[in-house]
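Listing of work-v2.pdb; format and content: PDB, C-alpha atoms.
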ATOM      1  CA  PRO A  27       3.646 -29.638 -10.636  1.00  0.00           C
ATOM      2  CA  LEU A  28       6.602 -31.972 -10.161  1.00  0.00           C
ATOM      3  CA  VAL A  29      10.132 -30.606 -10.012  1.00  0.00           C
ATOM      4  CA  ALA A  30      13.345 -32.652  -9.811  1.00  0.00           C
ATOM      5  CA  ARG A  31      16.393 -31.334  -7.974  1.00  0.00           C
ATOM      6  CA  TYR A  32      19.649 -33.190  -8.553  1.00  0.00           C
ATOM      7  CA  VAL A  33      23.427 -32.916  -8.668  1.00  0.00           C
ATOM      8  CA  ALA A  34      25.260 -33.085 -12.006  1.00  0.00           C
ATOM      9  CA  GLY A  35      28.973 -33.208 -11.305  1.00  0.00           C
ATOM     10  CA  THR A  36      29.458 -30.278  -8.938  1.00  0.00           C
ATOM     11  CA  ASP A  37      26.403 -28.343 -10.116  1.00  0.00           C
ATOM     12  CA  ILE A  38      23.028 -28.240  -8.383  1.00  0.00           C
ATOM     13  CA  CYS A  39      20.263 -28.456 -10.967  1.00  0.00           C
ATOM     14  CA  GLU A  40      16.501 -28.095 -10.801  1.00  0.00           C
ATOM     15  CA  ASP A  41      14.177 -29.049 -13.663  1.00  0.00           C
ATOM     16  CA  PHE A  42      10.429 -28.819 -14.114  1.00  0.00           C
ATOM     17  CA  LEU A  43       9.099 -32.257 -15.024  1.00  0.00           C
ATOM     18  CA  GLY A  44       5.463 -31.467 -15.656  1.00  0.00           C
ATOM     19  CA  PHE A  45       1.962 -30.989 -14.296  1.00  0.00           C
ATOM     20  CA  VAL A  46       0.120 -34.037 -13.011  1.00  0.00           C
ATOM     21  CA  LEU A  47      -3.658 -34.277 -12.739  1.00  0.00           C
ATOM     22  CA  CYS A  48      -4.761 -35.712  -9.376  1.00  0.00           C
ATOM     23  CA  ASP A  49      -7.705 -37.769 -10.611  1.00  0.00           C
ATOM     24  CA  SER A  50      -7.516 -40.167  -7.656  1.00  0.00           C
ATOM     25  CA  GLY A  51      -7.814 -37.439  -5.025  1.00  0.00           C
ATOM     26  CA  THR A  52      -5.456 -35.389  -2.870  1.00  0.00           C
ATOM     27  CA  SER A  53      -4.999 -37.680   0.122  1.00  0.00           C
ATOM     28  CA  GLY A  54      -1.444 -38.464   1.190  1.00  0.00           C
ATOM     29  CA  LYS A  55      -1.687 -42.009  -0.121  1.00  0.00           C
ATOM     30  CA  ALA A  56      -3.152 -40.994  -3.477  1.00  0.00           C
ATOM     31  CA  LEU A  57      -0.513 -38.307  -4.035  1.00  0.00           C
ATOM     32  CA  ALA A  58       2.357 -40.598  -2.992  1.00  0.00           C
ATOM     33  CA  GLN A  59       1.228 -43.294  -5.409  1.00  0.00           C
ATOM     34  CA  LEU A  60       0.810 -40.756  -8.191  1.00  0.00           C
ATOM     35  CA  ILE A  61       4.261 -39.216  -7.639  1.00  0.00           C
ATOM     36  CA  LEU A  62       6.031 -42.581  -7.589  1.00  0.00           C
ATOM     37  CA  GLN A  63       4.088 -43.730 -10.632  1.00  0.00           C
ATOM     38  CA  LYS A  64       4.990 -40.644 -12.675  1.00  0.00           C
ATOM     39  CA  LEU A  65       8.663 -40.658 -11.649  1.00  0.00           C
ATOM     40  CA  GLY A  66       8.834 -44.306 -12.675  1.00  0.00           C
ATOM     41  CA  GLU A  67       7.158 -43.602 -16.022  1.00  0.00           C
ATOM     42  CA  TRP A  68       9.709 -40.872 -16.674  1.00  0.00           C
ATOM     43  CA  GLY A  69      12.517 -43.383 -16.200  1.00  0.00           C
ATOM     44  CA  LEU A  70      13.971 -42.066 -12.958  1.00  0.00           C
ATOM     45  CA  ASN A  71      15.777 -44.519 -10.664  1.00  0.00           C
ATOM     46  CA  LEU A  72      13.846 -44.146  -7.406  1.00  0.00           C
ATOM     47  CA  ASP A  73      16.514 -46.016  -5.449  1.00  0.00           C
ATOM     48  CA  ARG A  74      18.533 -42.815  -5.768  1.00  0.00           C
ATOM     49  CA  LEU A  75      15.764 -40.672  -4.327  1.00  0.00           C
ATOM     50  CA  ARG A  76      17.303 -38.664  -1.478  1.00  0.00           C
ATOM     51  CA  GLY A  77      14.790 -36.002  -0.581  1.00  0.00           C
ATOM     52  CA  GLN A  78      11.259 -34.646  -0.814  1.00  0.00           C
ATOM     53  CA  GLY A  79      10.189 -31.033  -0.460  1.00  0.00           C
ATOM     54  CA  TYR A  80       6.604 -29.876   0.096  1.00  0.00           C
ATOM     55  CA  ASP A  81       4.670 -27.372   2.155  1.00  0.00           C
ATOM     56  CA  GLY A  82       3.425 -28.280   5.616  1.00  0.00           C
ATOM     57  CA  ALA A  83      -0.112 -29.346   4.685  1.00  0.00           C
ATOM     58  CA  GLY A  84      -1.302 -32.445   6.527  1.00  0.00           C
ATOM     59  CA  ASN A  85      -1.779 -34.536   3.390  1.00  0.00           C
ATOM     60  CA  MET A  86       1.852 -33.839   2.427  1.00  0.00           C
ATOM     61  CA  ALA A  87       3.732 -33.677   5.749  1.00  0.00           C
ATOM     62  CA  GLY A  88       1.624 -35.829   8.078  1.00  0.00           C
ATOM     63  CA  ARG A  89       3.883 -38.144  10.101  1.00  0.00           C
ATOM     64  CA  LEU A  90       1.756 -41.258   9.566  1.00  0.00           C
ATOM     65  CA  SER A  91      -0.388 -40.870   6.465  1.00  0.00           C
ATOM     66  CA  GLY A  92       1.196 -37.899   4.738  1.00  0.00           C
ATOM     67  CA  CYS A  93       2.590 -38.200   1.222  1.00  0.00           C
ATOM     68  CA  ALA A  94       6.200 -37.819   2.411  1.00  0.00           C
ATOM     69  CA  ALA A  95       5.822 -40.486   5.116  1.00  0.00           C
ATOM     70  CA  ILE A  96       4.299 -42.997   2.681  1.00  0.00           C
ATOM     71  CA  ILE A  97       7.089 -42.464   0.144  1.00  0.00           C
ATOM     72  CA  CYS A  98       9.658 -42.885   2.933  1.00  0.00           C
ATOM     73  CA  GLN A  99       8.229 -46.322   3.705  1.00  0.00           C
ATOM     74  CA  SER A 100       9.422 -47.512   0.291  1.00  0.00           C
ATOM     75  CA  TYR A 101      12.450 -45.213   0.003  1.00  0.00           C
ATOM     76  CA  PRO A 102      13.796 -44.462   3.525  1.00  0.00           C
ATOM     77  CA  LYS A 103      16.588 -42.218   2.244  1.00  0.00           C
ATOM     78  CA  ALA A 104      14.088 -39.809   0.662  1.00  0.00           C
ATOM     79  CA  LEU A 105      13.979 -37.491   3.668  1.00  0.00           C
ATOM     80  CA  TYR A 106      11.205 -34.910   3.835  1.00  0.00           C
ATOM     81  CA  VAL A 107      12.180 -31.232   4.063  1.00  0.00           C
ATOM     82  CA  HIS A 108       9.587 -28.552   4.668  1.00  0.00           C
ATOM     83  CA  CYS A 109       9.942 -25.840   1.999  1.00  0.00           C
ATOM     84  CA  SER A 110      12.185 -23.183   3.584  1.00  0.00           C
ATOM     85  CA  SER A 111      10.433 -20.296   1.862  1.00  0.00           C
ATOM     86  CA  HIS A 112       7.081 -21.593   3.113  1.00  0.00           C
ATOM     87  CA  CYS A 113       8.490 -21.877   6.650  1.00  0.00           C
ATOM     88  CA  LEU A 114       9.628 -18.265   6.440  1.00  0.00           C
ATOM     89  CA  ASN A 115       6.148 -17.238   5.345  1.00  0.00           C
ATOM     90  CA  LEU A 116       4.618 -19.048   8.347  1.00  0.00           C
ATOM     91  CA  CYS A 117       7.053 -17.215  10.659  1.00  0.00           C
ATOM     92  CA  VAL A 118       5.939 -13.880   9.219  1.00  0.00           C
ATOM     93  CA  VAL A 119       2.283 -14.848   9.697  1.00  0.00           C
ATOM     94  CA  ALA A 120       2.943 -15.730  13.353  1.00  0.00           C
ATOM     95  CA  ALA A 121       4.941 -12.545  14.020  1.00  0.00           C
ATOM     96  CA  SER A 122       2.213 -10.438  12.405  1.00  0.00           C
ATOM     97  CA  LYS A 123      -0.220 -11.541  15.103  1.00  0.00           C
ATOM     98  CA  ILE A 124       1.509  -9.154  17.539  1.00  0.00           C
ATOM     99  CA  THR A 125      -1.198  -6.583  18.271  1.00  0.00           C
ATOM    100  CA  PRO A 126       0.499  -3.365  16.984  1.00  0.00           C
ATOM    101  CA  VAL A 127       1.600  -5.126  13.803  1.00  0.00           C
ATOM    102  CA  SER A 128      -1.772  -6.782  13.301  1.00  0.00           C
ATOM    103  CA  ASN A 129      -3.487  -3.402  13.726  1.00  0.00           C
ATOM    104  CA  MET A 130      -1.096  -1.833  11.230  1.00  0.00           C
ATOM    105  CA  TRP A 131      -1.916  -4.475   8.595  1.00  0.00           C
ATOM    106  CA  SER A 132      -5.637  -3.945   9.219  1.00  0.00           C
ATOM    107  CA  VAL A 133      -5.294  -0.198   8.678  1.00  0.00           C
ATOM    108  CA  LEU A 134      -3.330  -0.703   5.442  1.00  0.00           C
ATOM    109  CA  LEU A 135      -6.029  -3.059   4.204  1.00  0.00           C
ATOM    110  CA  GLU A 136      -8.731  -0.494   5.000  1.00  0.00           C
ATOM    111  CA  VAL A 137      -6.766   2.221   3.188  1.00  0.00           C
ATOM    112  CA  SER A 138      -6.376  -0.019   0.137  1.00  0.00           C
ATOM    113  CA  ILE A 139     -10.086  -0.863   0.102  1.00  0.00           C
ATOM    114  CA  PHE A 140     -11.030   2.822   0.557  1.00  0.00           C
ATOM    115  CA  PHE A 141      -9.433   3.713  -2.781  1.00  0.00           C
ATOM    116  CA  LYS A 142      -9.736   0.421  -4.681  1.00  0.00           C
ATOM    117  CA  TYR A 143     -13.525   0.164  -4.735  1.00  0.00           C
ATOM    118  CA  SER A 144     -14.274   3.790  -5.502  1.00  0.00           C
ATOM    119  CA  PRO A 145     -13.212   5.214  -8.884  1.00  0.00           C
ATOM    120  CA  LYS A 146     -13.852   8.732  -7.601  1.00  0.00           C
ATOM    121  CA  ARG A 147     -11.593   8.289  -4.548  1.00  0.00           C
ATOM    122  CA  HIS A 148      -8.902   6.610  -6.620  1.00  0.00           C
ATOM    123  CA  ALA A 149      -9.040   9.421  -9.183  1.00  0.00           C
ATOM    124  CA  LYS A 150      -8.580  11.925  -6.353  1.00  0.00           C
ATOM    125  CA  LEU A 151      -5.502  10.095  -5.092  1.00  0.00           C
ATOM    126  CA  GLU A 152      -4.058   9.944  -8.610  1.00  0.00           C
ATOM    127  CA  SER A 153      -4.579  13.684  -9.078  1.00  0.00           C
ATOM    128  CA  VAL A 154      -2.812  14.459  -5.786  1.00  0.00           C
ATOM    129  CA  ILE A 155       0.116  12.182  -6.715  1.00  0.00           C
ATOM    130  CA  THR A 156       0.418  13.749 -10.179  1.00  0.00           C
ATOM    131  CA  ALA A 157       0.255  17.268  -8.785  1.00  0.00           C
ATOM    132  CA  SER A 158       3.041  16.625  -6.278  1.00  0.00           C
ATOM    133  CA  ASN A 159       5.217  14.559  -8.599  1.00  0.00           C
ATOM    134  CA  GLU A 160       4.797  15.238 -12.291  1.00  0.00           C
ATOM    135  CA  GLY A 161       5.586  12.159 -14.350  1.00  0.00           C
ATOM    136  CA  ALA A 162       5.063   9.780 -11.428  1.00  0.00           C
ATOM    137  CA  THR A 163       4.983   6.131 -12.496  1.00  0.00           C
ATOM    138  CA  VAL A 164       3.367   4.828  -9.307  1.00  0.00           C
ATOM    139  CA  THR A 165      -0.141   6.218  -8.928  1.00  0.00           C
ATOM    140  CA  LYS A 166      -1.918   3.603  -6.839  1.00  0.00           C
ATOM    141  CA  LEU A 167      -1.421   1.520  -3.727  1.00  0.00           C
ATOM    142  CA  VAL A 168      -0.526  -2.159  -3.923  1.00  0.00           C
ATOM    143  CA  ASP A 169      -2.979  -4.710  -2.531  1.00  0.00           C
ATOM    144  CA  LEU A 170      -1.875  -6.883   0.391  1.00  0.00           C
ATOM    145  CA  CYS A 171      -1.184 -10.451  -0.718  1.00  0.00           C
ATOM    146  CA  LYS A 172      -3.456 -12.809   1.241  1.00  0.00           C
ATOM    147  CA  THR A 173      -1.200 -15.876   1.135  1.00  0.00           C
ATOM    148  CA  ARG A 174       2.431 -14.894   0.529  1.00  0.00           C
ATOM    149  CA  TRP A 175       2.974 -12.504   3.416  1.00  0.00           C
ATOM    150  CA  VAL A 176       6.594 -11.785   2.544  1.00  0.00           C
ATOM    151  CA  ALA A 177       5.350 -10.406  -0.784  1.00  0.00           C
ATOM    152  CA  ARG A 178       3.624  -7.656   1.212  1.00  0.00           C
ATOM    153  CA  SER A 179       6.986  -5.908   1.273  1.00  0.00           C
ATOM    154  CA  THR A 180       6.081  -4.342  -2.087  1.00  0.00           C
ATOM    155  CA  ALA A 181       2.877  -2.933  -0.609  1.00  0.00           C
ATOM    156  CA  LEU A 182       4.848  -1.383   2.271  1.00  0.00           C
ATOM    157  CA  VAL A 183       7.402   0.200  -0.067  1.00  0.00           C
ATOM    158  CA  THR A 184       4.640   1.682  -2.222  1.00  0.00           C
ATOM    159  CA  PHE A 185       2.671   3.008   0.753  1.00  0.00           C
ATOM    160  CA  LYS A 186       5.812   4.646   2.163  1.00  0.00           C
ATOM    161  CA  ALA A 187       6.530   6.331  -1.172  1.00  0.00           C
ATOM    162  CA  LEU A 188       2.953   7.636  -1.450  1.00  0.00           C
ATOM    163  CA  PHE A 189       2.403   8.357   2.243  1.00  0.00           C
ATOM    164  CA  GLU A 190       2.354  12.165   1.976  1.00  0.00           C
ATOM    165  CA  ASP A 191      -0.003  12.007  -1.000  1.00  0.00           C
ATOM    166  CA  VAL A 192      -2.327   9.616   0.841  1.00  0.00           C
ATOM    167  CA  VAL A 193      -2.391  11.973   3.846  1.00  0.00           C
ATOM    168  CA  THR A 194      -3.143  14.954   1.595  1.00  0.00           C
ATOM    169  CA  THR A 195      -5.936  13.040  -0.124  1.00  0.00           C
ATOM    170  CA  PHE A 196      -7.532  12.089   3.187  1.00  0.00           C
ATOM    171  CA  GLU A 197      -7.303  15.693   4.383  1.00  0.00           C
ATOM    172  CA  ASP A 198      -8.911  17.012   1.200  1.00  0.00           C
ATOM    173  CA  ILE A 199     -11.750  14.489   1.346  1.00  0.00           C
ATOM    174  CA  SER A 200     -12.444  14.839   5.083  1.00  0.00           C
ATOM    175  CA  THR A 201     -12.529  18.660   4.920  1.00  0.00           C
ATOM    176  CA  GLY A 202     -14.235  18.922   1.546  1.00  0.00           C
ATOM    177  CA  THR A 203     -17.805  19.999   1.008  1.00  0.00           C
ATOM    178  CA  ARG A 204     -20.784  17.639   1.021  1.00  0.00           C
ATOM    179  CA  ALA A 205     -21.291  18.537  -2.601  1.00  0.00           C
ATOM    180  CA  GLU A 206     -17.953  16.886  -3.373  1.00  0.00           C
ATOM    181  CA  TRP A 207     -17.993  13.940  -0.944  1.00  0.00           C
ATOM    182  CA  ASN A 208     -20.738  12.074   0.869  1.00  0.00           C
ATOM    183  CA  ALA A 209     -20.763  11.624   4.638  1.00  0.00           C
ATOM    184  CA  GLU A 210     -19.477   8.044   4.421  1.00  0.00           C
ATOM    185  CA  SER A 211     -16.378   9.046   2.443  1.00  0.00           C
ATOM    186  CA  GLN A 212     -15.601  11.969   4.732  1.00  0.00           C
ATOM    187  CA  SER A 213     -16.043   9.934   7.898  1.00  0.00           C
ATOM    188  CA  ALA A 214     -13.867   7.086   6.608  1.00  0.00           C
ATOM    189  CA  ALA A 215     -11.180   9.475   5.361  1.00  0.00           C
ATOM    190  CA  SER A 216     -11.066  11.270   8.710  1.00  0.00           C
ATOM    191  CA  SER A 217     -10.811   7.993  10.636  1.00  0.00           C
ATOM    192  CA  LEU A 218      -8.083   6.560   8.380  1.00  0.00           C
ATOM    193  CA  LEU A 219      -6.154   9.835   8.531  1.00  0.00           C
ATOM    194  CA  ARG A 220      -6.009   9.595  12.319  1.00  0.00           C
ATOM    195  CA  SER A 221      -4.949   5.961  12.093  1.00  0.00           C
ATOM    196  CA  ILE A 222      -2.042   6.354   9.642  1.00  0.00           C
ATOM    197  CA  THR A 223      -0.678   9.419  11.428  1.00  0.00           C
ATOM    198  CA  SER A 224      -0.785   7.859  14.907  1.00  0.00           C
ATOM    199  CA  PHE A 225       2.413   7.064  16.796  1.00  0.00           C
ATOM    200  CA  GLU A 226       1.593   3.360  17.171  1.00  0.00           C
ATOM    201  CA  PHE A 227       0.954   2.926  13.445  1.00  0.00           C
ATOM    202  CA  SER A 228       4.140   4.789  12.512  1.00  0.00           C
ATOM    203  CA  VAL A 229       6.361   2.673  14.764  1.00  0.00           C
ATOM    204  CA  ALA A 230       4.756  -0.611  13.682  1.00  0.00           C
ATOM    205  CA  PHE A 231       4.977   0.362  10.020  1.00  0.00           C
ATOM    206  CA  ILE A 232       8.630   1.457  10.103  1.00  0.00           C
ATOM    207  CA  VAL A 233       9.808  -1.620  12.015  1.00  0.00           C
ATOM    208  CA  THR A 234       7.764  -4.028   9.874  1.00  0.00           C
ATOM    209  CA  ALA A 235       8.879  -2.406   6.610  1.00  0.00           C
ATOM    210  CA  ARG A 236      12.534  -2.703   7.645  1.00  0.00           C
ATOM    211  CA  VAL A 237      12.202  -6.361   8.599  1.00  0.00           C
ATOM    212  CA  MET A 238      10.100  -7.274   5.573  1.00  0.00           C
ATOM    213  CA  ALA A 239      12.612  -5.719   3.173  1.00  0.00           C
ATOM    214  CA  ARG A 240      15.284  -8.110   4.449  1.00  0.00           C
ATOM    215  CA  LEU A 241      12.911 -11.071   4.483  1.00  0.00           C
ATOM    216  CA  HIS A 242      11.824 -10.394   0.927  1.00  0.00           C
ATOM    217  CA  SER A 243      15.361 -10.791  -0.387  1.00  0.00           C
ATOM    218  CA  LEU A 244      15.799 -13.882   1.781  1.00  0.00           C
ATOM    219  CA  THR A 245      12.677 -15.623   0.502  1.00  0.00           C
ATOM    220  CA  ILE A 246      13.836 -15.064  -3.081  1.00  0.00           C
ATOM    221  CA  ALA A 247      17.240 -16.536  -2.194  1.00  0.00           C
ATOM    222  CA  LEU A 248      15.637 -19.567  -0.530  1.00  0.00           C
ATOM    223  CA  GLN A 249      13.794 -20.351  -3.756  1.00  0.00           C
ATOM    224  CA  SER A 250      16.954 -20.265  -5.851  1.00  0.00           C
ATOM    225  CA  SER A 251      17.433 -23.492  -7.796  1.00  0.00           C
ATOM    226  CA  SER A 252      21.194 -23.466  -7.108  1.00  0.00           C
ATOM    227  CA  LEU A 253      21.039 -22.777  -3.365  1.00  0.00           C
ATOM    228  CA  ASP A 254      22.642 -25.358  -1.074  1.00  0.00           C
ATOM    229  CA  ILE A 255      22.078 -25.840   2.663  1.00  0.00           C
ATOM    230  CA  VAL A 256      25.347 -24.150   3.699  1.00  0.00           C
ATOM    231  CA  ARG A 257      24.649 -20.968   1.747  1.00  0.00           C
ATOM    232  CA  ALA A 258      21.040 -20.991   2.954  1.00  0.00           C
ATOM    233  CA  TYR A 259      22.224 -21.208   6.581  1.00  0.00           C
ATOM    234  CA  HIS A 260      24.625 -18.270   6.173  1.00  0.00           C
ATOM    235  CA  GLN A 261      22.006 -16.116   4.462  1.00  0.00           C
ATOM    236  CA  ILE A 262      19.486 -16.803   7.218  1.00  0.00           C
ATOM    237  CA  GLN A 263      22.089 -15.978   9.881  1.00  0.00           C
ATOM    238  CA  SER A 264      22.933 -12.746   8.085  1.00  0.00           C
ATOM    239  CA  VAL A 265      19.281 -11.663   8.089  1.00  0.00           C
ATOM    240  CA  ARG A 266      18.865 -12.615  11.758  1.00  0.00           C
ATOM    241  CA  GLU A 267      21.875 -10.509  12.730  1.00  0.00           C
ATOM    242  CA  ASP A 268      20.754  -7.568  10.609  1.00  0.00           C
ATOM    243  CA  VAL A 269      17.197  -7.576  11.974  1.00  0.00           C
ATOM    244  CA  ALA A 270      18.477  -7.845  15.551  1.00  0.00           C
ATOM    245  CA  LEU A 271      20.458  -4.594  15.246  1.00  0.00           C
TER     246      LEU A 271
END
Give the structure from this file in structure tokens form.
Amino acid sequence: PLVARYVAGTDICEDFLGFVLCDSGTSGKALAQLILQKLGEWGLNLDRLRGQGYDGAGNMAGRLSGCAAIICQSYPKALYVHCSSHCLNLCVVAASKITPVSNMWSVLLEVSIFFKYSPKRHAKLESVITASNEGATVTKLVDLCKTRWVARSTALVTFKALFEDVVTTFEDISTGTRAEWNAESQSAASSLLRSITSFEFSVAFIVTARVMARLHSLTIALQSSSLDIVRAYHQIQSVREDVAL
């Protein structure tokens, strides 16, 4: 997709131009030629091109043969800016490699898989949720997004809301009879119960959930079509100060 961001008077505007099929490949050179060709066909004056925004993939951001660098050779004022929201996502990925946090994410993934791929286990969780909160609208856990890490904030909020019900479900399964649950289900439930009620998991979860809640609102703000660099700077500073408290 190609999107144009421009200034009309005092307003910052952002318009979707269209999807472009990359028949000639996805190398930096091929993409640069395709972008310039399409912008020209659409009647845009490329001499007024003042910026380019992509993710950090090598074919887009490479200093020598990346798409941005090739376009800059013809239009030096079209400075490349790494997508701010994507940068934030990369920061979250790096921070999540801290051992306690990484372990916490692994446990949440295991909990999600435990219920997701077993209709019987999921039905048990739903029954526990309904029994404790009649009329509940949330009756299942949210999967962890594999690419947009900031979007995992929703999964954390949901897990926190259903935490007591998840614990109760694990207790019922692990202490149930073999007629109700097989050995694999009971063993897994017992292990996951110990994991989610451990001190290390609790601390990592609470801290991560608090930080991710602030980052989630920030990543939405950074993708706003009307956001300028000054407002973006102040919003980032505000989140940094809040998280540091």
Any idea what the distance is between CA of Tyr32 in chain A and CA of Ala258 in chain A?
16.8 Å
From the set A:Asp191, A:Asp169, A:Glu267, A:Glu136, which residue has the shortest atom-to-atom contact distance to Glu152 in chain A, counting only C-alpha atoms?
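Once distances to Glu152 in chain A are computed over only C-alpha atoms, the minimum belongs to A:Asp191.
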Which one is closest to Asn71 in chain A: A:Tyr101, A:Ala83, A:Ser122, A:Leu135? Count all atoms listed in the file.
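Looking at the shortest contact to Asn71 in chain A, the residue is A:Tyr101.
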List the spatial neighbours of Val133 in chain A as a PyMOL selection string - criterion: any atom at most 9 Å away, only C-alpha atoms, same-chain residues fewer than 6 positions off excluded.
chain A and resi 218+221-222+227
Ranking A:Phe42, A:Tyr259, A:Phe196, A:Phe141 by minimum distance to Val168 in chain A and counting only C-alpha atoms, which one comes first?
A:Phe141
Closest atom pairs, residues of range 173-194 of chain A within 8 Å of range 234-237 of chain A, all atoms listed in the file, as a Markdown table:
| residue | atom | partner | partner_atom | distance |
| --- | --- | --- | --- | --- |
| A:Ser179 | CA | A:Ala235 | CA | 6.7 |
| A:Leu182 | CA | A:Ala235 | CA | 6.0 |
| A:Val183 | CA | A:Ala235 | CA | 7.3 |
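Every residue that the PyMOL selection byres ((chain A and resi 59) around 12) selects in this file is listed here: Cys48, Asp49, Ser50, Gly51, Thr52, Ser53, Gly54, Lys55, Ala56, Leu57, Ala58, Leu60, Ile61, Leu62, Gln63, Lys64, Leu65, Gly66, Gly92, Cys93, Ala94, Ala95, Ile96, Ile97, Cys98, Gln99 and Ser100 of chain A.
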Residues in the PyMOL selection byres ((chain A and resi 192) around 10), expressed as number ranges by chain
A: 137, 141, 150-152, 154-155, 166-167, 185-191, 193-198, 215, 218-219, 222
Give me the residues within 10 Å of range 201-213 of chain A as a PyMOL selection string, counting all atoms listed in the file and dropping any in the same chain fewer than 6 places off.
chain A and resi 140+144+146-147+219
Just so the selection is clear, what residues does the PyMOL selection byres ((chain A and resi 30) around 9) cover here, as a list in words?
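This file gives the following for the PyMOL selection byres ((chain A and resi 30) around 9): Leu28, Val29, Arg31, Tyr32, Cys39, Glu40, Asp41, Phe42 and Leu43 of chain A.
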May I have the residues from that selection written out with C-alpha atoms, as an mmCIF file, in the frame of the given file?
data_model
loop_
_atom_site.group_PDB
_atom_site.id
_atom_site.type_symbol
_atom_site.label_atom_id
_atom_site.label_comp_id
_atom_site.auth_asym_id
_atom_site.auth_seq_id
_atom_site.Cartn_x
_atom_site.Cartn_y
_atom_site.Cartn_z
ATOM 1 C CA LEU A 28 6.602 -31.972 -10.161
ATOM 2 C CA VAL A 29 10.132 -30.606 -10.012
ATOM 3 C CA ARG A 31 16.393 -31.334 -7.974
ATOM 4 C CA TYR A 32 19.649 -33.190 -8.553
ATOM 5 C CA CYS A 39 20.263 -28.456 -10.967
ATOM 6 C CA GLU A 40 16.501 -28.095 -10.801
ATOM 7 C CA ASP A 41 14.177 -29.049 -13.663
ATOM 8 C CA PHE A 42 10.429 -28.819 -14.114
ATOM 9 C CA LEU A 43 9.099 -32.257 -15.024
#
Around range 47-54 of chain A, with edges along x, y and z and 4 Å added on all six sides, what centre and edge lengths do you get, in Å to one decimal, as AutoDock Vina command-line options?
--center_x -4.6 --center_y -37.2 --center_z -5.8 --size_x 14.4 --size_y 13.9 --size_z 21.9
Å distance separating CA of Leu134 in chain A from CA of Arg178 in chain A, one decimal place:
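Going from CA of Leu134 in chain A over to CA of Arg178 in chain A covers 10.7 Å.
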What lies within 9 Å of Thr180 in chain A using all atoms listed in the file, ignoring chain neighbours under 4 positions off, as JSON, numbers by chain?
{"A": [168, 170, 176, 184, 185, 239, 242]}
Nearest to Arg240 in chain A: which of A:Arg220, A:Lys103, A:Arg266, A:His108 is it, counting only C-alpha atoms?
A:Arg266
Counting only C-alpha atoms, which residue out of A:Thr36, A:Asn129, A:Thr245, A:Ser91 sits closest to Phe231 in chain A?
A:Asn129
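As for CA of Ser264 in chain A and CA of Ile124 in chain A, they are spaced 23.7 Å apart.
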Quick one: of A:Thr165, A:Leu248, A:Ala214, A:Ser110, who's nearest to Ala149 in chain A, counting only C-alpha atoms?
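Once distances to Ala149 in chain A are computed over only C-alpha atoms, the minimum belongs to A:Thr165.
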The residues within 8 Å of (10.0, -36.9, 5.4), using all atoms listed in the file and the coordinates of the file, should be reported as a ChimeraX atom specification; which are they?
/A:77-78,87,89,94-95,98,104-107
